[in-house]
>>> print(open('entry19.txt').read())   # compact mmCIF, C-alpha atoms and all ligand atoms
# COMPACT_ATOMS: atom_id res chain seq x y z
CA MET T 1 196.86 109.20 219.88
CA ALA T 2 197.00 109.19 223.69
CA ASP T 3 200.41 109.86 225.21
CA LEU T 4 200.95 107.43 228.11
CA SER T 5 204.70 108.06 228.38
CA SER T 6 204.29 109.74 231.78
CA PHE T 7 203.34 106.29 233.18
CA PRO T 8 206.61 104.36 233.73
CA ILE T 9 204.67 101.07 233.63
CA THR T 10 204.27 101.57 229.87
CA GLN T 11 208.06 101.20 229.47
CA LYS T 12 207.90 97.59 230.73
CA TRP T 13 204.57 96.79 229.08
CA PRO T 14 204.40 99.02 225.96
CA PRO T 15 200.85 99.68 224.75
CA ALA T 16 200.09 98.47 221.24
CA GLU T 17 196.96 100.63 221.26
CA PRO T 18 197.48 103.56 223.67
CA ASP T 19 193.98 104.93 222.99
CA ILE T 20 192.28 102.02 224.76
CA ILE T 21 192.25 100.93 228.41
CA GLN T 22 195.49 99.27 229.53
CA LEU T 23 194.98 96.46 232.06
CA TYR T 24 197.86 94.93 234.05
CA SER T 25 196.67 91.69 235.50
CA VAL T 26 196.77 87.94 236.11
CA ALA T 27 193.74 85.60 235.90
CA THR T 28 193.30 85.51 239.69
CA PRO T 29 190.03 86.37 241.48
CA ASN T 30 191.00 90.03 241.90
CA GLY T 31 192.37 90.28 238.37
CA VAL T 32 189.41 88.73 236.57
CA LYS T 33 186.94 91.06 238.28
CA VAL T 34 188.24 93.83 236.01
CA SER T 35 188.40 91.79 232.79
CA ILE T 36 184.89 90.44 233.44
CA ALA T 37 183.57 94.00 233.96
CA LEU T 38 185.36 95.27 230.83
CA GLU T 39 183.94 92.39 228.80
CA GLU T 40 180.45 92.94 230.23
CA LEU T 41 180.65 96.64 229.38
CA GLY T 42 182.07 95.96 225.92
CA LEU T 43 184.91 98.43 226.49
CA PRO T 44 187.99 97.89 224.33
CA TYR T 45 191.10 97.12 226.36
CA GLU T 46 194.59 95.74 226.09
CA ALA T 47 195.56 93.16 228.73
CA HIS T 48 199.18 92.86 229.87
CA LYS T 49 200.19 89.80 231.81
CA VAL T 50 202.20 90.46 234.97
CA SER T 51 204.46 87.51 235.77
CA PHE T 52 204.24 86.49 239.43
CA SER T 53 206.99 83.92 238.94
CA GLU T 54 209.31 86.82 237.98
CA ASN T 55 207.84 89.02 240.74
CA GLU T 56 206.98 91.67 238.15
CA GLN T 57 204.23 93.04 240.39
CA LYS T 58 207.00 94.35 242.66
CA SER T 59 209.04 95.91 239.83
CA PRO T 60 209.61 99.71 239.91
CA GLU T 61 207.56 100.06 236.73
CA PHE T 62 204.55 98.25 238.21
CA THR T 63 204.74 99.92 241.63
CA SER T 64 204.88 103.31 239.91
CA LEU T 65 201.19 102.63 239.14
CA ASN T 66 200.27 100.59 242.23
CA PRO T 67 202.64 101.24 245.15
CA ASN T 68 201.12 98.18 246.86
CA GLY T 69 202.66 95.89 244.23
CA ARG T 70 199.53 93.85 243.52
CA ILE T 71 197.37 93.25 240.50
CA PRO T 72 195.06 94.47 239.06
CA ALA T 73 196.06 97.94 237.93
CA MET T 74 194.76 99.92 234.99
CA ILE T 75 195.26 103.04 232.90
CA ASP T 76 192.33 104.66 231.16
CA PRO T 77 193.71 107.03 228.50
CA ASN T 78 190.39 108.83 228.55
CA GLY T 79 189.90 109.72 232.23
CA PRO T 80 187.23 111.94 233.82
CA ASP T 81 188.82 115.14 232.52
CA GLY T 82 189.71 113.64 229.16
CA GLN T 83 193.26 113.01 230.41
CA PRO T 84 194.80 109.59 231.24
CA ILE T 85 194.15 108.24 234.72
CA GLY T 86 195.88 105.40 236.57
CA LEU T 87 193.95 103.17 238.98
CA PHE T 88 194.56 100.26 241.33
CA GLU T 89 192.51 98.20 243.84
CA SER T 90 189.92 96.08 242.06
CA GLY T 91 186.97 97.59 243.95
CA ALA T 92 188.00 101.13 243.05
CA ILE T 93 188.51 100.11 239.41
CA LEU T 94 185.02 98.55 239.23
CA ILE T 95 183.41 101.62 240.79
CA TYR T 96 185.32 103.79 238.29
CA LEU T 97 184.16 101.72 235.31
CA ALA T 98 180.56 101.69 236.55
CA GLU T 99 180.55 105.46 237.04
CA LYS T 100 182.29 106.07 233.71
CA THR T 101 179.66 104.12 231.80
CA GLY T 102 176.61 104.52 234.06
CA ARG T 103 176.19 100.75 233.88
CA LEU T 104 176.51 97.82 236.31
CA ILE T 105 175.42 100.18 239.09
CA PRO T 106 171.87 101.35 239.92
CA ALA T 107 170.76 104.84 238.97
CA THR T 108 169.30 105.93 242.31
CA ALA T 109 171.59 107.17 245.09
CA ARG T 110 169.98 104.84 247.64
CA GLU T 111 170.62 101.75 245.52
CA ARG T 112 174.10 102.91 244.51
CA TYR T 113 175.14 103.10 248.15
CA GLU T 114 173.57 99.70 248.80
CA THR T 115 175.63 98.30 245.91
CA LEU T 116 178.78 99.86 247.36
CA CYS T 117 178.01 98.21 250.73
CA TRP T 118 178.19 94.81 249.01
CA VAL T 119 181.30 95.76 247.04
CA MET T 120 182.99 96.72 250.32
CA PHE T 121 181.70 93.55 252.00
CA GLN T 122 183.62 91.62 249.38
CA MET T 123 186.73 93.82 249.48
CA GLY T 124 187.02 93.74 253.27
CA GLY T 125 185.53 90.32 253.96
CA VAL T 126 185.15 87.68 251.28
CA GLY T 127 188.42 88.44 249.45
CA PRO T 128 190.79 88.59 252.45
CA MET T 129 189.17 85.67 254.32
CA PHE T 130 188.87 83.34 251.31
CA GLY T 131 192.41 84.31 250.34
CA GLN T 132 193.80 83.36 253.76
CA PHE T 133 191.76 80.15 253.68
CA GLY T 134 193.36 79.26 250.33
CA HIS T 135 196.80 80.11 251.65
CA PHE T 136 196.63 77.74 254.62
CA HIS T 137 194.40 75.09 253.03
CA LYS T 138 196.44 74.74 249.86
CA PHE T 139 199.56 76.81 249.32
CA ALA T 140 201.08 76.70 252.84
CA ALA T 141 199.47 73.44 254.01
CA ASP T 142 202.94 71.98 254.64
CA LYS T 143 203.69 74.79 257.12
CA VAL T 144 200.69 74.11 259.36
CA THR T 145 200.67 70.31 259.56
CA ASN T 146 200.95 70.49 263.38
CA ASN T 147 198.50 73.32 263.82
CA SER T 148 194.94 73.13 262.49
CA TYR T 149 194.02 76.56 263.87
CA PRO T 150 194.83 78.74 260.78
CA VAL T 151 192.81 76.53 258.41
CA GLU T 152 189.91 76.28 260.87
CA ARG T 153 189.83 80.01 261.52
CA TYR T 154 189.70 81.04 257.86
CA ARG T 155 187.52 78.09 256.83
CA ASP T 156 184.93 78.97 259.48
CA GLU T 157 185.02 82.68 258.70
CA SER T 158 184.67 81.93 254.96
CA LYS T 159 181.67 79.70 255.69
CA ARG T 160 180.14 82.40 257.87
CA LEU T 161 180.51 84.86 254.96
CA LEU T 162 178.92 82.32 252.60
CA GLY T 163 176.02 82.26 255.08
CA VAL T 164 175.69 86.04 254.83
CA LEU T 165 175.57 85.76 251.03
CA GLU T 166 173.06 82.92 251.29
CA GLY T 167 170.73 85.15 253.34
CA ARG T 168 171.03 87.96 250.83
CA LEU T 169 170.54 85.77 247.76
CA LYS T 170 167.81 83.41 248.92
CA ASP T 171 165.09 85.63 247.42
CA ARG T 172 167.17 87.50 244.83
CA GLN T 173 168.64 86.75 241.40
CA TYR T 174 171.65 88.96 242.06
CA LEU T 175 173.03 90.81 245.07
CA MET T 176 171.03 93.91 244.10
CA GLY T 177 167.91 92.03 243.02
CA ASN T 178 167.11 91.69 239.34
CA ASP T 179 170.05 93.77 238.13
CA TYR T 180 173.55 92.40 237.64
CA THR T 181 175.98 94.89 239.17
CA ILE T 182 179.60 95.39 240.21
CA ALA T 183 178.62 93.84 243.56
CA ASP T 184 178.19 90.49 241.78
CA ILE T 185 181.29 90.92 239.63
CA THR T 186 183.47 91.66 242.63
CA THR T 187 182.21 88.65 244.58
CA PHE T 188 181.54 85.61 242.40
CA PRO T 189 185.16 85.20 241.19
CA TRP T 190 186.05 84.36 244.81
CA ILE T 191 183.52 81.52 244.86
CA TRP T 192 185.12 80.32 241.62
CA CYS T 193 188.64 80.66 243.01
CA ALA T 194 187.99 78.82 246.29
CA ASP T 195 186.77 75.87 244.24
CA PHE T 196 188.92 76.01 241.10
CA TYR T 197 192.25 77.15 242.59
CA TYR T 198 191.99 76.10 246.25
CA GLY T 199 189.99 72.87 245.87
CA GLY T 200 187.87 74.06 248.80
CA ARG T 201 184.35 73.17 247.63
CA GLU T 202 183.90 70.28 250.09
CA VAL T 203 185.75 71.87 253.01
CA LEU T 204 183.68 75.05 252.64
CA GLU T 205 180.53 72.94 252.24
CA TYR T 206 179.28 74.73 249.13
CA ASP T 207 176.27 72.38 249.07
CA ARG T 208 174.97 74.04 252.24
CA PHE T 209 174.52 77.31 250.32
CA PRO T 210 172.10 76.57 247.46
CA ALA T 211 171.13 80.19 246.75
CA VAL T 212 174.81 81.16 246.51
CA MET T 213 175.45 78.24 244.17
CA ALA T 214 172.49 79.13 241.92
CA TRP T 215 173.64 82.78 241.76
CA PHE T 216 177.22 81.67 241.12
CA GLU T 217 176.07 79.54 238.15
CA ARG T 218 174.03 82.49 236.81
CA CYS T 219 177.07 84.77 236.97
CA MET T 220 179.41 82.16 235.50
CA ALA T 221 177.05 81.44 232.58
CA LYS T 222 177.41 84.95 231.17
CA PRO T 223 179.60 85.05 228.04
CA ALA T 224 181.50 88.03 229.48
CA SER T 225 182.38 85.97 232.56
CA GLN T 226 183.64 83.06 230.51
CA LYS T 227 185.85 85.41 228.48
CA GLY T 228 186.97 87.57 231.40
CA LEU T 229 188.01 84.55 233.49
CA THR T 230 190.71 83.73 230.91
CA VAL T 231 192.31 87.20 230.74
CA PRO T 232 195.20 87.65 230.40
CA ALA T 233 195.78 84.38 228.61
N1 LIG J 1 192.72 94.51 247.55
C1 LIG J 1 193.47 94.25 246.34
C2 LIG J 1 194.10 92.87 246.45
C3 LIG J 1 194.98 92.59 245.26
C4 LIG J 1 195.72 91.26 245.42
O1 LIG J 1 195.84 90.71 246.51
N2 LIG J 1 196.20 90.75 244.28
C5 LIG J 1 196.94 89.50 244.30
C6 LIG J 1 196.40 88.55 243.26
S1 LIG J 1 194.71 88.10 243.56
C7 LIG J 1 198.42 89.78 243.99
O2 LIG J 1 198.72 90.67 243.24
N3 LIG J 1 199.30 88.98 244.56
C8 LIG J 1 200.71 89.08 244.29
C9 LIG J 1 201.51 89.54 245.48
O3 LIG J 1 200.95 89.65 246.58
O4 LIG J 1 202.71 89.77 245.32
C10 LIG J 1 192.53 94.33 245.13
O5 LIG J 1 191.37 93.93 245.28
O6 LIG J 1 192.94 94.81 244.07
>>> encode(input="entry19.txt", output="structure tokens")
Amino acid sequence: MADLSSFPITQKWPPAEPDIIQLYSVATPNGVKVSIALEELGLPYEAHKVSFSENEQKSPEFTSLNPNGRIPAMIDPNGPDGQPIGLFESGAILIYLAEKTGRLIPATARERYETLCWVMFQMGGVGPMFGQFGHFHKFAADKVTNNSYPVERYRDESKRLLGVLEGRLKDRQYLMGNDYTIADITTFPWIWCADFYYGGREVLEYDRFPAVMAWFERCMAKPASQKGLTVPA
């Protein structure tokens, strides 16, 4: 049985099955990327819910694994050298899982790097901009009632990014063509979130991006997506 006792996070969230992947998460767009990928890959894992209302993501046990105090974070008891490895940052976790399994990422170096370009486009663009849009449009709307600039700035930047995705997807099934990859899994939960959590579908004019919407529906329809979106319960 794997010994995860050197990871202080396991004191707060004890593993029931230490031999399988331990995921520390919340069903937010960054969190569900990992559960969707794990479901798609069919890897066994144990999901631990981190309570935002109790600020558990800033607890010493959690920050011992991710010093940045944000979900998702993960321990794989069977790391690259057969020893446990701790990971954080959703993009890094998805790249790790893809490389571990040789799936959800193309086989050729040229296409792998192209996939990583789109993963990074999401990590540095879609995620932060959509997130700030949601903050000002929904969660902090009462703080900007006299100033429309924050909402406009992040709304317009989010729409510009949707336009970039529209260009990429207008003649493709998925971001890398016919194959479903970590580039899709890192990105489509943000389209879901901006609608489902932020109520931004109209403001972001989703109807103006038909290829993005068709791709989004394709990604959402996968059984692994439906399951992963609800983890942890
Ligand atoms: N770049 C990070 C962002 C992680 C992130 O922002 N997570 C949010 C939830 S989607 C979080 O933990 N928020 C709680 C907090 O900021 O305290 C990643 O992709 O993993």
>>> atom_distance(input="entry19.txt", atom1="atom CA of T:Met129", atom2="atom CA of T:Tyr96")
24.5 Å
>>> residues_near_ligand(input="entry19.txt", ligand="ligand LIG 1 (chain J)", cutoff="10 Å", atoms="only C-alpha atoms and all ligand atoms", output="MDAnalysis selection string")
chainID T and resid 25:34 50:53 55:58 66 68:73 87:94 122:124 127:128 131 186 190 193
>>> closest_residue(input="entry19.txt", among="T:Leu104, T:Val212, T:Ile20, T:Leu4", to="T:Asn178", atoms="only C-alpha atoms")
T:Leu104
>>> closest_residue(input="entry19.txt", among="T:Arg208, T:Arg103, T:Arg110, T:Gly134", to="T:Ala37", atoms="all atoms listed in the file")
T:Arg103
>>> residues_around(input="entry19.txt", residues="T:Asp156", least_positions_apart="4", cutoff="12 Å", atoms="all atoms listed in the file", output="list in words")
Val126, Met129, Phe130, Gln132, Phe133, Ser148, Tyr149, Pro150, Val151, Glu152, Arg160, Leu161, Leu162, Gly163, Val203, Leu204 and Glu205 of chain T
>>> atom_distance(input="entry19.txt", atom1="atom CA of T:Asp76", atom2="atom CA of T:Thr115")
23.2 Å
>>> closest_residue(input="entry19.txt", among="T:Gly199, T:Phe121, T:Met74, T:Ala214", to="T:Gln173", atoms="all atoms listed in the file")
T:Ala214
>>> closest_residue(input="entry19.txt", among="T:Lys159, T:Glu61, T:Ile75, T:Ile85", to="T:Glu202", atoms="only C-alpha atoms")
T:Lys159
>>> atom_distance(input="entry19.txt", atom1="atom CA of T:Glu54", atom2="atom CA of T:Lys12")
13.1 Å
>>> closest_residue(input="entry19.txt", among="T:Gln83, T:Phe62, T:Pro77, T:Asp184", to="T:Glu17", atoms="all atoms listed in the file")
T:Pro77
>>> closest_residue(input="entry19.txt", among="T:Met1, T:Ala140, T:Leu116, T:Leu23", to="T:Leu175", atoms="all atoms listed in the file")
T:Leu116
